[in-house]
>>> print(open('input_28.txt').read())   # compact mmCIF, C-alpha atoms
# COMPACT_ATOMS: atom_id res chain seq x y z
CA MET A 1 124.78 79.46 169.24
CA ALA A 2 121.63 80.14 171.26
CA PRO A 3 119.67 83.28 170.32
CA VAL A 4 120.02 86.31 172.57
CA PRO A 5 117.06 86.67 174.99
CA THR A 6 114.74 89.59 174.32
CA VAL A 7 115.39 91.05 177.77
CA SER A 8 119.12 91.24 176.96
CA ARG A 9 118.42 93.02 173.68
CA ILE A 10 116.30 95.50 175.61
CA PHE A 11 119.12 96.06 178.09
CA ALA A 12 121.56 96.96 175.29
CA ASP A 13 119.05 99.48 173.92
CA ARG A 14 118.55 100.94 177.43
CA TYR A 15 122.29 101.31 177.81
CA ARG A 16 122.56 103.08 174.45
CA ARG A 17 119.82 105.56 175.41
CA GLU A 18 121.36 106.28 178.81
CA ALA A 19 124.82 106.77 177.30
CA THR A 20 123.38 109.21 174.76
CA ARG A 21 121.49 111.10 177.48
CA LEU A 22 124.55 111.52 179.68
CA GLU A 23 126.74 112.50 176.73
CA LYS A 24 124.32 115.30 175.80
CA LEU A 25 124.03 116.41 179.42
CA HIS A 26 127.75 116.79 180.07
CA ALA A 27 128.65 118.05 176.60
CA SER A 28 126.13 120.88 176.90
CA HIS A 29 127.54 121.86 180.31
CA LEU A 30 131.11 121.91 179.05
CA ALA A 31 130.26 123.75 175.82
CA PRO A 32 126.69 125.08 175.49
CA GLY A 33 125.13 124.17 172.16
CA THR A 34 126.99 120.86 171.77
CA ALA A 35 125.55 117.37 172.21
CA THR A 36 128.56 115.05 171.90
CA TRP A 37 131.88 114.71 173.68
CA GLY A 38 133.74 115.30 170.43
CA ASP A 39 131.90 118.52 169.65
CA ALA A 40 132.32 119.76 173.22
CA MET A 41 136.08 119.17 173.16
CA THR A 42 136.39 120.83 169.75
CA ALA A 43 134.53 123.88 171.11
CA ILE A 44 136.79 124.03 174.16
CA GLU A 45 139.87 123.86 171.93
CA ALA A 46 138.52 126.79 169.90
CA ARG A 47 137.94 128.66 173.15
CA LEU A 48 141.53 127.96 174.24
CA GLU A 49 142.94 129.36 171.01
CA LYS A 50 141.22 132.69 171.67
CA LEU A 51 142.44 133.05 175.25
CA PRO A 52 145.52 135.25 175.74
CA GLY A 53 148.50 133.65 177.46
CA PRO A 54 149.15 130.36 179.19
CA ILE A 55 147.70 131.34 182.58
CA LYS A 56 144.15 131.78 181.28
CA LYS A 57 144.46 128.74 179.03
CA THR A 58 145.64 126.63 181.95
CA ALA A 59 142.71 127.87 184.00
CA CYS A 60 140.34 126.76 181.24
CA VAL A 61 141.83 123.26 181.23
CA ARG A 62 141.68 123.14 185.02
CA ASN A 63 138.02 124.21 185.05
CA THR A 64 137.16 121.53 182.52
CA ALA A 65 138.93 118.90 184.62
CA THR A 66 137.18 120.09 187.78
CA TYR A 67 133.77 119.69 186.18
CA LEU A 68 134.60 116.20 184.91
CA ARG A 69 135.97 115.04 188.26
CA THR A 70 133.04 116.52 190.18
CA HIS A 71 130.48 114.75 187.99
CA GLN A 72 132.10 111.31 187.67
CA ASP A 73 129.67 109.50 189.99
CA ASN A 74 126.82 107.71 188.22
CA SER A 75 128.12 108.94 184.88
CA MET A 76 129.90 107.48 181.87
CA HIS A 77 133.20 109.33 181.89
CA PHE A 78 136.35 108.92 183.98
CA MET A 79 139.65 110.73 184.49
CA LEU A 80 142.84 109.14 183.19
CA GLY A 81 145.31 111.79 184.29
CA LEU A 82 145.72 115.43 185.23
CA TYR A 83 148.78 117.66 185.51
CA THR A 84 148.39 121.33 186.28
CA ARG A 85 150.64 124.24 187.21
CA LYS A 86 150.11 127.97 186.99
CA ARG A 87 151.27 128.24 183.37
CA SER A 88 150.95 124.71 182.02
CA SER A 89 148.53 121.81 182.21
CA ALA A 90 147.61 118.48 180.66
CA MET A 91 144.44 116.46 181.04
CA SER A 92 143.23 113.12 179.75
CA PHE A 93 139.85 111.49 180.31
CA GLY A 94 137.77 108.65 178.94
CA THR A 95 134.14 108.56 177.83
CA ILE A 96 131.67 105.73 177.24
CA ASN A 97 129.05 106.02 174.54
CA PHE A 98 127.43 104.01 171.75
CA GLY A 99 129.07 104.31 168.35
CA THR A 100 130.22 102.49 165.25
CA HIS A 101 133.16 100.11 165.09
CA PRO A 102 136.56 101.92 165.09
CA LEU A 103 137.64 100.19 161.87
CA ALA A 104 136.28 101.53 158.57
CA GLY A 105 134.14 99.08 156.64
CA VAL A 106 132.75 97.24 159.68
CA SER A 107 129.00 97.85 159.84
CA GLU A 108 128.09 97.22 163.46
CA ASP A 109 127.64 99.34 166.55
CA GLY A 110 128.46 98.92 170.20
CA VAL A 111 129.95 100.63 173.23
CA SER A 112 132.89 102.89 172.36
CA VAL A 113 135.34 103.90 175.08
CA MET A 114 137.19 106.99 173.86
CA ARG A 115 140.13 109.01 175.09
CA HIS A 116 140.27 112.81 174.96
CA THR A 117 143.31 114.93 175.83
CA MET A 118 144.05 118.62 176.28
CA LEU A 119 147.47 120.24 176.60
CA CYS A 120 148.62 123.76 177.41
CA ARG A 121 152.36 124.56 177.39
CA ARG A 122 154.18 127.37 179.17
CA ASP A 123 154.68 129.21 175.86
CA GLY A 124 150.91 129.32 175.33
CA GLY A 125 150.87 126.57 172.72
CA GLY A 126 149.09 123.26 173.02
CA GLY A 127 146.16 121.45 171.52
CA SER A 128 143.84 118.51 171.95
CA LYS A 129 143.09 115.05 170.63
CA VAL A 130 139.50 113.90 170.51
CA ASN A 131 137.81 110.50 170.19
CA GLN A 132 140.81 108.18 170.22
CA SER A 133 139.56 104.63 170.67
CA MET A 134 140.66 102.77 173.78
CA ALA A 135 138.10 99.96 173.65
CA TYR A 136 135.08 98.74 171.77
CA ILE A 137 132.43 96.31 173.04
CA SER A 138 130.11 94.99 170.34
CA ARG A 139 126.35 95.24 170.86
CA HIS A 140 126.21 91.45 170.76
CA ALA A 141 128.79 91.29 173.57
CA VAL A 142 126.73 93.74 175.66
CA GLN A 143 123.70 91.51 175.18
CA ARG A 144 125.66 88.40 176.18
CA LEU A 145 127.01 90.20 179.25
CA HIS A 146 123.46 90.87 180.39
CA GLU A 147 122.37 87.31 179.61
CA ARG A 148 125.27 85.73 181.51
CA GLY A 149 125.73 88.29 184.28
CA ARG A 150 124.03 88.24 187.64
CA GLU A 151 121.42 90.99 188.00
CA LEU A 152 123.42 93.31 185.75
CA THR A 153 122.60 97.02 186.05
CA ILE A 154 123.65 99.96 183.91
CA GLU A 155 125.92 101.14 186.72
CA THR A 156 127.65 97.76 187.03
CA ALA A 157 128.07 97.48 183.26
CA THR A 158 129.61 100.97 183.18
CA LYS A 159 132.20 99.97 185.79
CA MET A 160 133.10 96.94 183.67
CA PHE A 161 133.37 99.02 180.48
CA THR A 162 135.55 101.54 182.34
CA ALA A 163 137.97 98.77 183.33
CA ILE A 164 138.01 97.48 179.75
CA GLY A 165 138.72 100.99 178.44
CA MET A 166 141.54 101.58 180.91
CA LEU A 167 143.14 98.28 179.94
CA GLY A 168 142.87 99.36 176.29
CA PHE A 169 144.63 102.62 177.16
CA MET A 170 147.31 100.73 179.05
CA LEU A 171 147.84 98.37 176.10
CA SER A 172 148.58 101.35 173.84
CA PHE A 173 152.01 101.54 175.50
CA ASP A 174 153.05 98.06 174.30
CA THR A 175 152.84 96.65 170.76
CA ARG A 176 153.39 93.00 171.71
CA HIS A 177 149.69 92.22 172.10
CA ILE A 178 148.47 93.83 168.84
CA ASP A 179 146.49 91.30 166.76
CA GLY A 180 146.56 88.88 169.69
CA GLY A 181 143.80 87.65 171.95
CA MET A 182 143.09 89.52 175.17
CA CYS A 183 140.99 88.57 178.19
CA LEU A 184 140.18 90.52 181.34
CA ARG A 185 138.68 89.05 184.49
CA LEU A 186 136.07 91.59 185.59
CA ASN A 187 134.89 89.96 188.82
CA GLU A 188 134.49 86.54 190.39
CA ASP A 189 132.03 85.50 187.69
CA MET A 190 132.85 87.07 184.31
CA LEU A 191 135.63 87.24 181.74
CA ALA A 192 135.77 89.74 178.87
CA VAL A 193 137.15 88.02 175.74
CA GLY A 194 138.42 89.77 172.64
CA VAL A 195 141.40 90.97 170.64
CA VAL A 196 143.84 93.90 170.62
CA ARG A 197 143.67 95.79 167.33
CA PHE A 198 145.44 98.74 165.74
CA ALA A 199 143.35 101.35 163.94
CA VAL A 200 145.20 103.45 161.37
CA GLY A 201 144.16 107.06 160.91
CA THR A 202 144.33 108.33 157.33
CA GLY A 203 145.15 111.65 155.70
CA CYS A 204 144.75 114.58 158.07
CA ASP A 205 143.57 112.17 160.79
CA ILE A 206 146.82 110.17 160.91
CA ASP A 207 147.32 111.29 164.53
CA GLN A 208 144.14 109.37 165.40
CA SER A 209 145.91 106.04 164.86
CA CYS A 210 145.49 104.03 168.04
CA THR A 211 145.54 100.65 169.74
CA PHE A 212 142.25 99.46 171.21
CA PHE A 213 140.84 96.45 173.04
CA GLU A 214 137.88 94.97 171.20
CA VAL A 215 135.59 92.75 173.29
CA ARG A 216 133.62 90.20 171.26
CA THR A 217 131.90 88.34 174.09
CA PHE A 218 131.73 87.72 177.84
CA LEU A 219 132.11 84.23 179.31
CA PRO A 220 131.24 82.96 182.80
CA LEU A 221 134.35 81.80 184.63
CA ASP A 222 132.71 78.54 185.66
CA GLU A 223 132.56 77.59 181.95
CA LEU A 224 136.27 78.10 181.32
CA ASP A 225 137.73 74.86 182.68
CA SER A 226 138.56 73.91 179.09
CA ARG A 227 140.22 77.30 178.43
CA PRO A 228 142.86 77.68 181.16
CA THR A 229 145.10 79.98 179.06
CA GLN A 230 142.31 82.55 178.65
CA ARG A 231 141.52 82.41 182.34
CA ARG A 232 145.18 82.89 183.32
CA GLN A 233 145.57 85.79 180.92
CA GLY A 234 142.40 87.44 182.24
CA GLU A 235 143.58 87.20 185.83
CA ALA A 236 147.05 88.53 184.97
CA ALA A 237 145.52 91.43 183.01
CA MET A 238 143.31 92.46 185.94
CA GLU A 239 146.23 92.29 188.39
CA ALA A 240 148.36 94.45 186.09
CA LEU A 241 145.53 96.93 185.55
CA CYS A 242 144.82 97.32 189.27
CA GLU A 243 148.50 98.02 190.00
CA TRP A 244 148.74 100.53 187.18
CA VAL A 245 145.56 102.41 188.18
CA ALA A 246 146.76 102.61 191.79
CA GLY A 247 150.13 103.97 190.64
CA ASP A 248 151.16 106.93 188.48
CA ARG A 249 149.49 105.64 185.27
CA THR A 250 152.50 106.40 183.05
CA SER A 251 153.78 104.54 180.01
CA GLU A 252 156.98 103.70 181.89
CA SER A 253 155.15 102.05 184.79
CA SER A 254 152.89 100.12 182.41
CA LYS A 255 155.61 98.24 180.56
CA PRO A 256 156.80 95.85 183.33
CA LEU A 257 153.16 95.24 184.26
CA LEU A 258 152.15 94.42 180.68
CA GLU A 259 155.03 91.95 180.44
CA ARG A 260 153.25 89.85 183.06
CA ILE A 261 150.26 89.34 180.75
CA PRO A 262 150.70 86.18 178.65
CA ILE A 263 150.54 86.65 174.88
CA LEU A 264 147.57 84.79 173.45
CA ALA A 265 146.99 83.96 169.78
CA TRP A 266 143.81 85.15 168.08
CA ARG A 267 142.03 83.65 165.11
CA GLU A 268 144.11 84.27 161.99
CA HIS A 269 141.14 85.53 159.98
CA ASP A 270 138.02 86.66 161.79
CA PHE A 271 134.92 88.43 160.53
CA ILE A 272 136.15 91.89 161.50
CA GLN A 273 139.50 91.44 159.74
CA GLN A 274 137.74 90.24 156.60
CA THR A 275 135.30 93.16 156.41
CA ALA A 276 137.47 96.06 157.59
CA VAL A 277 139.00 98.38 155.01
CA LYS A 278 142.67 97.46 154.62
CA VAL A 279 144.95 100.42 155.39
CA THR A 280 148.65 100.11 156.18
CA ARG A 281 150.54 102.60 158.30
CA GLU A 282 152.64 103.54 155.27
CA SER A 283 149.74 104.09 152.86
CA ALA A 284 147.85 106.11 155.47
CA HIS A 285 150.38 108.93 155.04
CA GLY A 286 149.73 109.08 151.31
>>> encode(input="input_28.txt", output="structure tokens")
Amino acid sequence: MAPVPTVSRIFADRYRREATRLEKLHASHLAPGTATWGDAMTAIEARLEKLPGPIKKTACVRNTATYLRTHQDNSMHFMLGLYTRKRSSAMSFGTINFGTHPLAGVSEDGVSVMRHTMLCRRDGGGGSKVNQSMAYISRHAVQRLHERGRELTIETATKMFTAIGMLGFMLSFDTRHIDGGMCLRLNEDMLAVGVVRFAVGTGCDIDQSCTFFEVRTFLPLDELDSRPTQRRQGEAAMEALCEWVAGDRTSESSKPLLERIPILAWREHDFIQQTAVKVTRESAHG
């Protein structure tokens, strides 16, 4: 394998710095004194618990959603869904930042696409879930994307990572692809190549268990004549994703779309599987 060009290593570092800058900027606006999306959402949840009644709590969720939607352009967050009434509301959004691998024991970093949700019920109850993995793109993959892409910018890379994250969210509604290969055609030139994994939360974090799309590399489409199954899967995945995003984005609407994506085998034992801490869903409850 050819070494990564220095300019591509520099691009990955630039992306990390910009993601960190934007995370601090928006976190501090949502919850003064915080610097990460997770801390900001935790602070908002604490604020919700102190508010009396569902009307004021719903207003808090709505105000948070309004800020996020207003500041989506040229940023690294995106809305997944929003439901709001006078006395109830639900919101879900994704964020892009640099972080460690979602699986314990894997010592590498990369782009993490996370999901955050807030819920307020008519009876005043509710809660939130923070930092649930939807996708992970290794640093090496980011470097290869820059090397193989055409005049790649931070803005273009962010759009690609957003699509990868949304496919990861969509895949959480279907278990058939877990531990299987997954490809996504991003444009006329590039294919994201990786695997669908399941991360098991442990102890008090068992609710953080999630399915995520891990991208290990990016390949130019003109080099895939010998890999027609990956190319077909990538095209089917993009078609399904586009239909789902244009629709109601529910689990019910995702299932017939996901059935169109061919199931692709992944390597039986890869580096990540060998180094990750082994936790079963049953032992995680112990």
>>> atom_distance(input="input_28.txt", atom1="CA of Ala237 in chain A", atom2="CA of Phe198 in chain A")
18.8 Å
>>> closest_residue(input="input_28.txt", among="A:Ile261, A:Met76, A:Met41, A:Met1", to="Arg16 in chain A", atoms="all atoms listed in the file")
A:Met76
>>> atom_distance(input="input_28.txt", atom1="CA of Lys57 in chain A", atom2="CA of Arg85 in chain A")
11.2 Å
>>> atom_distance(input="input_28.txt", atom1="CA of Arg69 in chain A", atom2="CA of Val113 in chain A")
17.3 Å
>>> closest_residue(input="input_28.txt", among="A:Leu68, A:Ala35, A:Met190, A:Leu25", to="Gly81 in chain A", atoms="all atoms listed in the file")
A:Leu68
>>> residues_around(input="input_28.txt", residues="Val245 in chain A", least_positions_apart="2", cutoff="10 Å", atoms="all atoms listed in the file", output="PDB file with C-alpha atoms, in the frame of the given file")
ATOM      1  CA  LEU A  80     142.840 109.140 183.190  1.00  0.00           C
ATOM      2  CA  ALA A 163     137.970  98.770 183.330  1.00  0.00           C
ATOM      3  CA  MET A 166     141.540 101.580 180.910  1.00  0.00           C
ATOM      4  CA  LEU A 167     143.140  98.280 179.940  1.00  0.00           C
ATOM      5  CA  MET A 170     147.310 100.730 179.050  1.00  0.00           C
ATOM      6  CA  ALA A 240     148.360  94.450 186.090  1.00  0.00           C
ATOM      7  CA  LEU A 241     145.530  96.930 185.550  1.00  0.00           C
ATOM      8  CA  CYS A 242     144.820  97.320 189.270  1.00  0.00           C
ATOM      9  CA  GLU A 243     148.500  98.020 190.000  1.00  0.00           C
ATOM     10  CA  GLY A 247     150.130 103.970 190.640  1.00  0.00           C
ATOM     11  CA  ASP A 248     151.160 106.930 188.480  1.00  0.00           C
ATOM     12  CA  ARG A 249     149.490 105.640 185.270  1.00  0.00           C
ATOM     13  CA  THR A 250     152.500 106.400 183.050  1.00  0.00           C
ATOM     14  CA  SER A 254     152.890 100.120 182.410  1.00  0.00           C
TER      15      SER A 254
END
>>> closest_residue(input="input_28.txt", among="A:Ala46, A:Met114, A:Ala40, A:Leu258", to="Met182 in chain A", atoms="all atoms listed in the file")
A:Leu258
>>> closest_residue(input="input_28.txt", among="A:Phe93, A:Phe98, A:Tyr136, A:Phe161", to="Tyr15 in chain A", atoms="all atoms listed in the file")
A:Phe98
>>> residues_around(input="input_28.txt", residues="Ile154 in chain A", least_positions_apart="4", cutoff="9 Å", atoms="all atoms listed in the file", output="list in words")
Phe11, Arg14, Tyr15, Glu18, Thr158 and Lys159 of chain A
>>> residues_around(input="input_28.txt", residues="Val215 in chain A", least_positions_apart="6", cutoff="10 Å", atoms="all atoms listed in the file", output="number ranges by chain")
A: 110-111, 135-142, 161, 164, 181-184, 192-196
>>> write_last_selection(input="input_28.txt", atoms="C-alpha atoms", output="PDB file, keeping the file's coordinate frame")
ATOM      1  CA  GLY A 110     128.460  98.920 170.200  1.00  0.00           C
ATOM      2  CA  VAL A 111     129.950 100.630 173.230  1.00  0.00           C
ATOM      3  CA  ALA A 135     138.100  99.960 173.650  1.00  0.00           C
ATOM      4  CA  TYR A 136     135.080  98.740 171.770  1.00  0.00           C
ATOM      5  CA  ILE A 137     132.430  96.310 173.040  1.00  0.00           C
ATOM      6  CA  SER A 138     130.110  94.990 170.340  1.00  0.00           C
ATOM      7  CA  ARG A 139     126.350  95.240 170.860  1.00  0.00           C
ATOM      8  CA  HIS A 140     126.210  91.450 170.760  1.00  0.00           C
ATOM      9  CA  ALA A 141     128.790  91.290 173.570  1.00  0.00           C
ATOM     10  CA  VAL A 142     126.730  93.740 175.660  1.00  0.00           C
ATOM     11  CA  PHE A 161     133.370  99.020 180.480  1.00  0.00           C
ATOM     12  CA  ILE A 164     138.010  97.480 179.750  1.00  0.00           C
ATOM     13  CA  GLY A 181     143.800  87.650 171.950  1.00  0.00           C
ATOM     14  CA  MET A 182     143.090  89.520 175.170  1.00  0.00           C
ATOM     15  CA  CYS A 183     140.990  88.570 178.190  1.00  0.00           C
ATOM     16  CA  LEU A 184     140.180  90.520 181.340  1.00  0.00           C
ATOM     17  CA  ALA A 192     135.770  89.740 178.870  1.00  0.00           C
ATOM     18  CA  VAL A 193     137.150  88.020 175.740  1.00  0.00           C
ATOM     19  CA  GLY A 194     138.420  89.770 172.640  1.00  0.00           C
ATOM     20  CA  VAL A 195     141.400  90.970 170.640  1.00  0.00           C
ATOM     21  CA  VAL A 196     143.840  93.900 170.620  1.00  0.00           C
TER      22      VAL A 196
END
>>> closest_residue(input="input_28.txt", among="A:Leu224, A:Leu152, A:Leu171, A:Leu219", to="Leu257 in chain A", atoms="all atoms listed in the file")
A:Leu171
>>> closest_residue(input="input_28.txt", among="A:Arg62, A:Gly94, A:His101, A:Ala199", to="Ser75 in chain A", atoms="only C-alpha atoms")
A:Gly94
>>> residues_around(input="input_28.txt", residues="Leu51 in chain A", least_positions_apart="4", cutoff="12 Å", atoms="all atoms listed in the file", output="number ranges by chain")
A: 44-47, 55-61, 120, 124-125
>>> residues_near_point(input="input_28.txt", point="(139.6, 101.0, 174.9)", cutoff="6 Å", atoms="only C-alpha atoms", output="PDB file with C-alpha atoms, in the coordinates of the input")
ATOM      1  CA  VAL A 113     135.340 103.900 175.080  1.00  0.00           C
ATOM      2  CA  SER A 133     139.560 104.630 170.670  1.00  0.00           C
ATOM      3  CA  MET A 134     140.660 102.770 173.780  1.00  0.00           C
ATOM      4  CA  ALA A 135     138.100  99.960 173.650  1.00  0.00           C
ATOM      5  CA  TYR A 136     135.080  98.740 171.770  1.00  0.00           C
ATOM      6  CA  GLY A 165     138.720 100.990 178.440  1.00  0.00           C
ATOM      7  CA  GLY A 168     142.870  99.360 176.290  1.00  0.00           C
ATOM      8  CA  PHE A 169     144.630 102.620 177.160  1.00  0.00           C
ATOM      9  CA  PHE A 212     142.250  99.460 171.210  1.00  0.00           C
ATOM     10  CA  PHE A 213     140.840  96.450 173.040  1.00  0.00           C
TER      11      PHE A 213
END
>>> axis_aligned_box(input="input_28.txt", around="range 207-219 of chain A", padding_each_side="4 Å", output="lines of an AutoDock Vina configuration file")
center_x = 139.5
center_y = 97.8
center_z = 171.9
size_x = 23.6
size_y = 35.1
size_z = 22.8
>>> residues_around(input="input_28.txt", residues="range 262-264 of chain A", least_positions_apart="2", cutoff="10 Å", atoms="all atoms listed in the file", output="VMD selection string")
chain A and resid 176 to 183 195 229 to 230 232 to 234 236 to 237 258 to 260 266
